[in-house]
Amino acid sequence: MAPNISRPNVDPGKGDPTRLADLVLASAVRAHADTVYLEPKPQAHGPDADQYLITVERGPAVLASVLMESGLACAVIARLAFLANLDLAAAHLSSAVLPVKSGSRETEVVITVRPGSSLRAELVLQKRKPLRAGAMVTTDLEPGDTVGQYKIVEFLGEGGMGTVYCAEHVTLGRRYALKVLLSRVIEREAGAAQQFLREARTAARVRHPNIVDTVDFGHLPDGRPYIVMELLAGESLTARVERAGALPPGDVVVIARQLAEALAAAHDRGVVHADVTPSNALVLDGPELHCKLVDFGLATLAGEGMRDENPEFVLGTPAYISPEQLRGLAPTDRSDQYGLGAVLFELITGKPPFMDDDIRKLCMMHIQAPVPPVESPHGPLPGKLADVVTTCLQKIPQARFPGMRALIAALDEIERVTERRGWRRWLPS
C-alpha cells in the first residue's frame, strides 16, 4: 500500500505541540494502528531537509504518513515524553506505558524515545497482555508446521535468546530464517515478548548492507513472538576463528569497518545492538569479504538481562559484554563499542580478551582487569590498530571513542598509514 503523504499547513510558531501530541495518540487508537514513528524524513534534501515524518502503521500497511516541520515535531516528541515521564536527555533509549482513551476505545501505548543523531520517538499500541511466567504451554516447531505465511522447513539452531528455523513463504516460495524467542526468556523477563517485537520493528527500519534484513514479525499460537529475516549463506565469525584461527590483520581491518559502519547506521536511528559478538556477525559466502550483523531484534533486551542476580542466567554474552551492562546500567552506543572491541581482539589474537569458566570471575575481569596486549600470530599489526581495540575496551564508557563515526575515522587513518608504508599488501584488493 503506497504511503498517503500530505504536507499540513502548520506554522511552527502557531502549532500547538500539546494538541498535536494528543491528536497523534487519539488517531492511532481510533485507526487500530500497531505503531507510530516520529523521525526525521529519510534522505531528505532541499526544502524537505528540515522535515520530520510521522508514519502510522498497521501490520505491513502504512495507514498515513504526514510531514511536519522539525521544530514542531521535536516539541510533539517532548510533549509525549512529558506525558510518559521520560527523560529526553538520557543517553539510552527509554520507554514507558501510557493509558490512552479515545471515544469508546481504550488501550495502553508504549512510548519510546531514542537518543540517536536526531530526536525520534515511536508509539506501540499494546494488543495482547504480557505473558506471565509459568503460564505458557509451548511446543517445538516441526518441518511442515505453518507459522503465518511461512512453512517450517528445518531446524537451524538455538542460541541464548531464540530458536532459528529455515522457513519458506507459502506464496512466494522464498526461504527465510524464522527466529522464535525462547519461552524461558519470556518467563524470566516480564514484558520480554513485547520488547522483543518493538526492538525488531525499529531495527528493521535501519537498512544497511552490513545489517541483516528483517521482513516480518508475529506471534505463535502459544503467544511467543517471532521475527523473519533474510536467510544468509555463510559462517559466523565464531566459526571462522574456530576453523582458521586468528585472522590476518588486513581482514580484521575490513571486518572492523563493515561492523562499525553497520553500528553507526543503527546508532543514528537510536538503535543499540547490546550484544555484539562473533556469533552475531556472519561472513557471507562469496569472493569478497562481506560481513552482516544479525540479532538486532534482541537489542537492549540482551543487555538488560544482566540485571538479574542469578549469574547463570545471562541474556548478554559474557565474553563480550560491557562493564556498564554488568553493573545493571542500560546499554548505549558506547556499550556496542566495547562489544566490537572484544570481537576485534578475538579476530586478531584468536581468543577473547577475558576468559574464565566461572561466569562471576569473567564478569569481574570485564569490570576490573586491564586489557591484555593485542598481539597477532601473523606478525606486527598496522599502526594504531591495537590502539583502536584498547580504546574500545576501556572500562569507563567516556574513555572510549565519542561515537562510532570517530572509530571509523580512526580506521580511515589506519588505512592511510598502511597505504603509505606498504602494508597495503595485507588488505584485500
# chains A, B, ... in the order shown; residues from 1 in each chain; ligands from 1
>>> residues_around(residues="segment 192-205 of chain A", least_positions_apart="6", cutoff="6 Å", atoms="only C-alpha atoms", output="PyMOL selection string")
chain A and resi 186+214+225+296-297
>>> write_last_selection(atoms="N, CA and C atoms", output="PDB file, in the first residue's frame")
ATOM      1  N   ILE A 186      11.070 -15.305  28.159  1.00  0.00           N
ATOM      2  CA  ILE A 186       9.812 -14.646  28.487  1.00  0.00           C
ATOM      3  C   ILE A 186       9.461 -14.853  29.954  1.00  0.00           C
ATOM      4  N   THR A 214      15.260  -7.623   8.186  1.00  0.00           N
ATOM      5  CA  THR A 214      14.124  -8.242   8.863  1.00  0.00           C
ATOM      6  C   THR A 214      12.882  -7.928   8.040  1.00  0.00           C
ATOM      7  N   PRO A 225       6.691 -14.521  20.477  1.00  0.00           N
ATOM      8  CA  PRO A 225       6.903 -13.721  19.268  1.00  0.00           C
ATOM      9  C   PRO A 225       7.980 -14.329  18.377  1.00  0.00           C
ATOM     10  N   PHE A 296      19.508  -7.885  15.702  1.00  0.00           N
ATOM     11  CA  PHE A 296      19.153  -6.560  16.205  1.00  0.00           C
ATOM     12  C   PHE A 296      17.820  -6.587  16.946  1.00  0.00           C
ATOM     13  N   GLY A 297      16.993  -7.593  16.703  1.00  0.00           N
ATOM     14  CA  GLY A 297      15.733  -7.697  17.422  1.00  0.00           C
ATOM     15  C   GLY A 297      15.923  -7.924  18.902  1.00  0.00           C
TER      16      GLY A 297
END
>>> select_by_dssp(residues="segment 31-226 of chain A", states="alpha helix (DSSP H)", output="ChimeraX atom specification")
/A:70-84,183-188,192-204
>>> write_last_selection(atoms="N, CA and C atoms", output="mmCIF file, in the first residue's frame")
data_model
loop_
_atom_site.group_PDB
_atom_site.id
_atom_site.type_symbol
_atom_site.label_atom_id
_atom_site.label_comp_id
_atom_site.auth_asym_id
_atom_site.auth_seq_id
_atom_site.Cartn_x
_atom_site.Cartn_y
_atom_site.Cartn_z
ATOM 1 N N SER A 70 10.532 20.229 11.593
ATOM 2 C CA SER A 70 11.282 19.513 12.627
ATOM 3 C C SER A 70 11.131 20.121 14.020
ATOM 4 N N GLY A 71 11.113 21.458 14.103
ATOM 5 C CA GLY A 71 10.977 22.084 15.416
ATOM 6 C C GLY A 71 9.676 21.720 16.094
ATOM 7 N N LEU A 72 8.595 21.731 15.331
ATOM 8 C CA LEU A 72 7.297 21.374 15.877
ATOM 9 C C LEU A 72 7.244 19.886 16.218
ATOM 10 N N ALA A 73 7.816 19.033 15.346
ATOM 11 C CA ALA A 73 7.820 17.593 15.603
ATOM 12 C C ALA A 73 8.587 17.267 16.880
ATOM 13 N N CYS A 74 9.728 17.923 17.090
ATOM 14 C CA CYS A 74 10.504 17.686 18.314
ATOM 15 C C CYS A 74 9.727 18.145 19.547
ATOM 16 N N ALA A 75 8.949 19.229 19.399
ATOM 17 C CA ALA A 75 8.122 19.689 20.510
ATOM 18 C C ALA A 75 7.021 18.676 20.812
ATOM 19 N N VAL A 76 6.474 18.047 19.773
ATOM 20 C CA VAL A 76 5.473 16.989 19.975
ATOM 21 C C VAL A 76 6.105 15.807 20.715
ATOM 22 N N ILE A 77 7.313 15.419 20.299
ATOM 23 C CA ILE A 77 8.009 14.321 20.982
ATOM 24 C C ILE A 77 8.257 14.684 22.444
ATOM 25 N N ALA A 78 8.652 15.935 22.698
ATOM 26 C CA ALA A 78 8.881 16.371 24.072
ATOM 27 C C ALA A 78 7.601 16.272 24.889
ATOM 28 N N ARG A 79 6.461 16.618 24.280
ATOM 29 C CA ARG A 79 5.169 16.514 24.972
ATOM 30 C C ARG A 79 4.847 15.053 25.290
ATOM 31 N N LEU A 80 5.074 14.155 24.332
ATOM 32 C CA LEU A 80 4.840 12.737 24.572
ATOM 33 C C LEU A 80 5.748 12.209 25.682
ATOM 34 N N ALA A 81 7.016 12.651 25.676
ATOM 35 C CA ALA A 81 7.944 12.236 26.726
ATOM 36 C C ALA A 81 7.479 12.736 28.090
ATOM 37 N N PHE A 82 6.951 13.957 28.129
ATOM 38 C CA PHE A 82 6.429 14.514 29.380
ATOM 39 C C PHE A 82 5.256 13.682 29.890
ATOM 40 N N LEU A 83 4.332 13.317 28.995
ATOM 41 C CA LEU A 83 3.177 12.518 29.392
ATOM 42 C C LEU A 83 3.603 11.161 29.949
ATOM 43 N N ALA A 84 4.675 10.597 29.370
ATOM 44 C CA ALA A 84 5.144 9.275 29.798
ATOM 45 C C ALA A 84 6.208 9.356 30.880
ATOM 46 N N SER A 183 10.965 -19.497 25.400
ATOM 47 C CA SER A 183 9.973 -19.333 26.462
ATOM 48 C C SER A 183 10.637 -18.996 27.793
ATOM 49 N N ARG A 184 11.839 -19.516 28.032
ATOM 50 C CA ARG A 184 12.486 -19.231 29.317
ATOM 51 C C ARG A 184 12.894 -17.766 29.439
ATOM 52 N N VAL A 185 13.173 -17.121 28.298
ATOM 53 C CA VAL A 185 13.467 -15.693 28.323
ATOM 54 C C VAL A 185 12.224 -14.917 28.729
ATOM 55 N N ILE A 186 11.070 -15.305 28.159
ATOM 56 C CA ILE A 186 9.812 -14.646 28.487
ATOM 57 C C ILE A 186 9.461 -14.853 29.954
ATOM 58 N N GLU A 187 9.705 -16.050 30.454
ATOM 59 C CA GLU A 187 9.360 -16.364 31.834
ATOM 60 C C GLU A 187 10.244 -15.624 32.827
ATOM 61 N N ARG A 188 11.483 -15.331 32.433
ATOM 62 C CA ARG A 188 12.400 -14.633 33.330
ATOM 63 C C ARG A 188 12.267 -13.120 33.244
ATOM 64 N N ALA A 192 9.138 -9.307 28.030
ATOM 65 C CA ALA A 192 10.190 -9.559 27.045
ATOM 66 C C ALA A 192 9.616 -9.754 25.646
ATOM 67 N N ALA A 193 8.456 -10.409 25.556
ATOM 68 C CA ALA A 193 7.879 -10.669 24.234
ATOM 69 C C ALA A 193 7.552 -9.369 23.518
ATOM 70 N N GLN A 194 6.934 -8.438 24.235
ATOM 71 C CA GLN A 194 6.575 -7.168 23.622
ATOM 72 C C GLN A 194 7.815 -6.352 23.265
ATOM 73 N N GLN A 195 8.807 -6.369 24.167
ATOM 74 C CA GLN A 195 10.022 -5.605 23.901
ATOM 75 C C GLN A 195 10.790 -6.192 22.721
ATOM 76 N N PHE A 196 10.786 -7.505 22.616
ATOM 77 C CA PHE A 196 11.452 -8.187 21.511
ATOM 78 C C PHE A 196 10.908 -7.694 20.170
ATOM 79 N N LEU A 197 9.576 -7.641 20.046
ATOM 80 C CA LEU A 197 8.978 -7.202 18.785
ATOM 81 C C LEU A 197 9.139 -5.704 18.572
ATOM 82 N N ARG A 198 9.072 -4.904 19.646
ATOM 83 C CA ARG A 198 9.266 -3.463 19.476
ATOM 84 C C ARG A 198 10.633 -3.167 18.905
ATOM 85 N N GLU A 199 11.660 -3.810 19.469
ATOM 86 C CA GLU A 199 13.018 -3.555 19.001
ATOM 87 C C GLU A 199 13.231 -4.104 17.597
ATOM 88 N N ALA A 200 12.622 -5.259 17.309
ATOM 89 C CA ALA A 200 12.765 -5.835 15.969
ATOM 90 C C ALA A 200 12.127 -4.933 14.924
ATOM 91 N N ARG A 201 10.962 -4.370 15.232
ATOM 92 C CA ARG A 201 10.297 -3.450 14.300
ATOM 93 C C ARG A 201 11.174 -2.236 14.011
ATOM 94 N N THR A 202 11.744 -1.666 15.066
ATOM 95 C CA THR A 202 12.567 -0.477 14.892
ATOM 96 C C THR A 202 13.858 -0.810 14.143
ATOM 97 N N ALA A 203 14.497 -1.911 14.517
ATOM 98 C CA ALA A 203 15.744 -2.303 13.850
ATOM 99 C C ALA A 203 15.507 -2.592 12.374
ATOM 100 N N ALA A 204 14.310 -3.091 12.039
ATOM 101 C CA ALA A 204 14.013 -3.406 10.635
ATOM 102 C C ALA A 204 14.002 -2.160 9.772
#
>>> closest_residue(among="A:Val271, A:Ala281, A:Val180, A:Val417", to="His219 of chain A", atoms="only C-alpha atoms")
A:Val180
>>> closest_residue(among="A:Leu344, A:Leu172, A:Leu88, A:Ala239", to="Ser376 of chain A", atoms="only C-alpha atoms")
A:Leu344
>>> closest_residue(among="A:Asp213, A:Glu158, A:Asp358, A:Asp295", to="Glu230 of chain A", atoms="only C-alpha atoms")
A:Asp213
>>> closest_residue(among="A:Pro323, A:Gly59, A:Gly341, A:Pro17", to="His32 of chain A", atoms="only C-alpha atoms")
A:Gly59
>>> atom_distance(atom1="atom CA of Ala264 of chain A", atom2="atom CA of Leu86 of chain A")
24.4 Å
>>> residues_around(residues="Pro143 of chain A", least_positions_apart="6", cutoff="12 Å", atoms="only C-alpha atoms", output="ChimeraX atom specification")
/A:150-156,165-168
>>> residues_around(residues="Leu259 of chain A", least_positions_apart="5", cutoff="8 Å", atoms="only C-alpha atoms", output="PyMOL selection string")
chain A and resi 210+291-293+340
>>> write_last_selection(atoms="C-alpha atoms", output="CSV table (one decimal), in the first residue's frame")
chain,number,residue,atom,x,y,z
A,210,ASN,CA,26.0,-4.9,6.6
A,291,CYS,CA,30.0,-9.3,7.0
A,292,LYS,CA,26.5,-8.7,8.3
A,293,LEU,CA,25.3,-8.1,11.8
A,340,LEU,CA,33.1,-4.6,18.9
>>> closest_residue(among="A:Ile396, A:Val212, A:Met364, A:Ile348", to="Pro380 of chain A", atoms="only C-alpha atoms")
A:Ile348
>>> closest_residue(among="A:Asp275, A:Glu288, A:Glu142, A:Glu375", to="Tyr338 of chain A", atoms="only C-alpha atoms")
A:Asp275
>>> residues_around(residues="segment 122-125 of chain A", least_positions_apart="2", cutoff="10 Å", atoms="only C-alpha atoms", output="JSON, numbers by chain")
{"A": [24, 25, 28, 29, 32, 33, 34, 35, 36, 37, 38, 39, 54, 55, 56, 57, 77, 80, 95, 96, 97, 98, 99, 100, 107, 108, 109, 110, 111, 112, 113, 114, 120, 127, 128, 194, 197, 198, 201, 202]}
>>> write_last_selection(atoms="C-alpha atoms", output="PDB file, in the first residue's frame")
ATOM      1  CA  VAL A  24      -1.354  11.640  17.334  1.00  0.00           C
ATOM      2  CA  LEU A  25      -2.323   9.408  20.266  1.00  0.00           C
ATOM      3  CA  ALA A  28      -3.502   5.900  16.432  1.00  0.00           C
ATOM      4  CA  VAL A  29      -6.056   4.419  18.824  1.00  0.00           C
ATOM      5  CA  HIS A  32      -6.423   0.460  15.325  1.00  0.00           C
ATOM      6  CA  ALA A  33      -2.773   1.131  14.466  1.00  0.00           C
ATOM      7  CA  ASP A  34       0.120  -1.016  15.638  1.00  0.00           C
ATOM      8  CA  THR A  35       2.931   1.532  15.558  1.00  0.00           C
ATOM      9  CA  VAL A  36       3.535   5.243  15.041  1.00  0.00           C
ATOM     10  CA  TYR A  37       7.017   6.550  14.180  1.00  0.00           C
ATOM     11  CA  LEU A  38       8.125  10.168  14.591  1.00  0.00           C
ATOM     12  CA  GLU A  39      11.513  10.554  12.912  1.00  0.00           C
ATOM     13  CA  ILE A  54       5.033  10.819  11.212  1.00  0.00           C
ATOM     14  CA  THR A  55       4.144   7.335   9.975  1.00  0.00           C
ATOM     15  CA  VAL A  56       1.145   5.324  11.213  1.00  0.00           C
ATOM     16  CA  GLU A  57       1.304   1.586  10.510  1.00  0.00           C
ATOM     17  CA  ILE A  77       8.009  14.321  20.982  1.00  0.00           C
ATOM     18  CA  LEU A  80       4.840  12.737  24.572  1.00  0.00           C
ATOM     19  CA  SER A  95      10.202   3.600  27.377  1.00  0.00           C
ATOM     20  CA  ALA A  96       7.045   3.865  29.439  1.00  0.00           C
ATOM     21  CA  VAL A  97       3.445   2.702  29.160  1.00  0.00           C
ATOM     22  CA  LEU A  98       0.722   5.343  28.894  1.00  0.00           C
ATOM     23  CA  PRO A  99      -3.012   4.512  29.125  1.00  0.00           C
ATOM     24  CA  VAL A 100      -4.892   6.257  26.297  1.00  0.00           C
ATOM     25  CA  THR A 107      -5.599   0.888  25.226  1.00  0.00           C
ATOM     26  CA  GLU A 108      -2.056   1.115  26.541  1.00  0.00           C
ATOM     27  CA  VAL A 109       0.593   2.779  24.407  1.00  0.00           C
ATOM     28  CA  VAL A 110       4.303   2.113  24.868  1.00  0.00           C
ATOM     29  CA  ILE A 111       6.120   5.401  24.214  1.00  0.00           C
ATOM     30  CA  THR A 112       9.820   5.064  23.408  1.00  0.00           C
ATOM     31  CA  VAL A 113      12.255   7.956  22.952  1.00  0.00           C
ATOM     32  CA  ARG A 114      15.538   7.203  21.175  1.00  0.00           C
ATOM     33  CA  ARG A 120      12.963  10.407  17.463  1.00  0.00           C
ATOM     34  CA  LYS A 127      -2.731  -5.576  21.567  1.00  0.00           C
ATOM     35  CA  ARG A 128      -2.176  -8.502  23.869  1.00  0.00           C
ATOM     36  CA  GLN A 194       6.575  -7.168  23.622  1.00  0.00           C
ATOM     37  CA  LEU A 197       8.978  -7.202  18.785  1.00  0.00           C
ATOM     38  CA  ARG A 198       9.266  -3.463  19.476  1.00  0.00           C
ATOM     39  CA  ARG A 201      10.297  -3.450  14.300  1.00  0.00           C
ATOM     40  CA  THR A 202      12.567  -0.477  14.892  1.00  0.00           C
TER      41      THR A 202
END
>>> atom_distance(atom1="atom CA of Leu220 of chain A", atom2="atom CA of Val147 of chain A")
6.8 Å
>>> select_by_dssp(residues="segment 1-249 of chain A", states="strand (DSSP E)", output="ChimeraX atom specification")
/A:5-6,35-40,51-58,61-69,94-102,105-114,120-125,146-147,150-158,162-169,175-181,214-219,225-230,234-236
>>> atom_distance(atom1="atom CA of Glu242 of chain A", atom2="atom CA of Leu393 of chain A")
22.5 Å
>>> residues_around(residues="Pro318 of chain A", least_positions_apart="5", cutoff="8 Å", atoms="only C-alpha atoms", output="ChimeraX atom specification")
/A:359,362-363
>>> residues_around(residues="Leu289 of chain A", least_positions_apart="2", cutoff="12 Å", atoms="only C-alpha atoms", output="MDAnalysis selection string")
chainID A and resid 210 234:235 237 250:259 282:287 291:292 427:429
>>> write_last_selection(atoms="N, CA and C atoms", output="compact mmCIF listing (two decimals), in the first residue's frame")
# COMPACT_ATOMS: atom_id res chain seq x y z
N ASN A 210 25.35 -4.02 5.65
CA ASN A 210 26.02 -4.88 6.65
C ASN A 210 25.12 -5.22 7.83
N GLY A 234 26.63 -18.58 4.74
CA GLY A 234 27.96 -18.19 5.19
C GLY A 234 28.26 -18.81 6.55
N GLU A 235 29.22 -18.22 7.24
CA GLU A 235 29.59 -18.71 8.56
C GLU A 235 29.77 -17.54 9.50
N LEU A 237 31.57 -15.32 12.53
CA LEU A 237 32.97 -15.06 12.87
C LEU A 237 33.48 -16.06 13.90
N GLY A 250 44.84 -7.54 7.85
CA GLY A 250 44.12 -6.85 6.79
C GLY A 250 42.65 -7.22 6.76
N ASP A 251 42.34 -8.50 6.98
CA ASP A 251 40.95 -8.94 7.05
C ASP A 251 40.24 -8.32 8.24
N VAL A 252 40.97 -8.21 9.35
CA VAL A 252 40.37 -7.62 10.56
C VAL A 252 39.98 -6.17 10.31
N VAL A 253 40.83 -5.43 9.61
CA VAL A 253 40.52 -4.02 9.31
C VAL A 253 39.26 -3.93 8.46
N VAL A 254 39.14 -4.80 7.45
CA VAL A 254 37.96 -4.80 6.58
C VAL A 254 36.69 -5.11 7.39
N ILE A 255 36.77 -6.15 8.23
CA ILE A 255 35.62 -6.54 9.05
C ILE A 255 35.27 -5.44 10.04
N ALA A 256 36.30 -4.85 10.65
CA ALA A 256 36.07 -3.77 11.62
C ALA A 256 35.29 -2.63 10.99
N ARG A 257 35.69 -2.24 9.78
CA ARG A 257 34.99 -1.13 9.11
C ARG A 257 33.54 -1.50 8.83
N GLN A 258 33.30 -2.70 8.32
CA GLN A 258 31.93 -3.09 7.97
C GLN A 258 31.03 -3.13 9.21
N LEU A 259 31.53 -3.70 10.29
CA LEU A 259 30.71 -3.78 11.50
C LEU A 259 30.51 -2.39 12.11
N LEU A 282 27.99 -12.49 10.62
CA LEU A 282 28.13 -13.55 9.63
C LEU A 282 28.97 -13.09 8.46
N VAL A 283 29.89 -13.95 8.03
CA VAL A 283 30.67 -13.73 6.82
C VAL A 283 29.98 -14.47 5.69
N LEU A 284 29.50 -13.73 4.69
CA LEU A 284 28.74 -14.33 3.61
C LEU A 284 29.64 -15.09 2.64
N ASP A 285 29.08 -16.13 2.06
CA ASP A 285 29.80 -16.85 1.01
C ASP A 285 29.99 -15.93 -0.20
N GLY A 286 31.15 -15.99 -0.81
CA GLY A 286 31.40 -15.16 -1.97
C GLY A 286 32.86 -14.79 -2.07
N PRO A 287 33.26 -14.21 -3.21
CA PRO A 287 34.68 -13.89 -3.43
C PRO A 287 35.18 -12.74 -2.56
N CYS A 291 30.59 -8.90 5.68
CA CYS A 291 30.03 -9.27 6.98
C CYS A 291 28.66 -8.63 7.16
N LYS A 292 27.78 -9.31 7.90
CA LYS A 292 26.49 -8.75 8.28
C LYS A 292 26.23 -9.00 9.76
N LEU A 427 45.83 -5.91 2.76
CA LEU A 427 44.42 -5.58 2.60
C LEU A 427 43.90 -6.12 1.29
N PRO A 428 42.68 -6.70 1.29
CA PRO A 428 42.13 -7.23 0.05
C PRO A 428 41.99 -6.13 -0.99
N SER A 429 42.20 -6.49 -2.25
CA SER A 429 42.07 -5.51 -3.33
C SER A 429 40.60 -5.29 -3.69
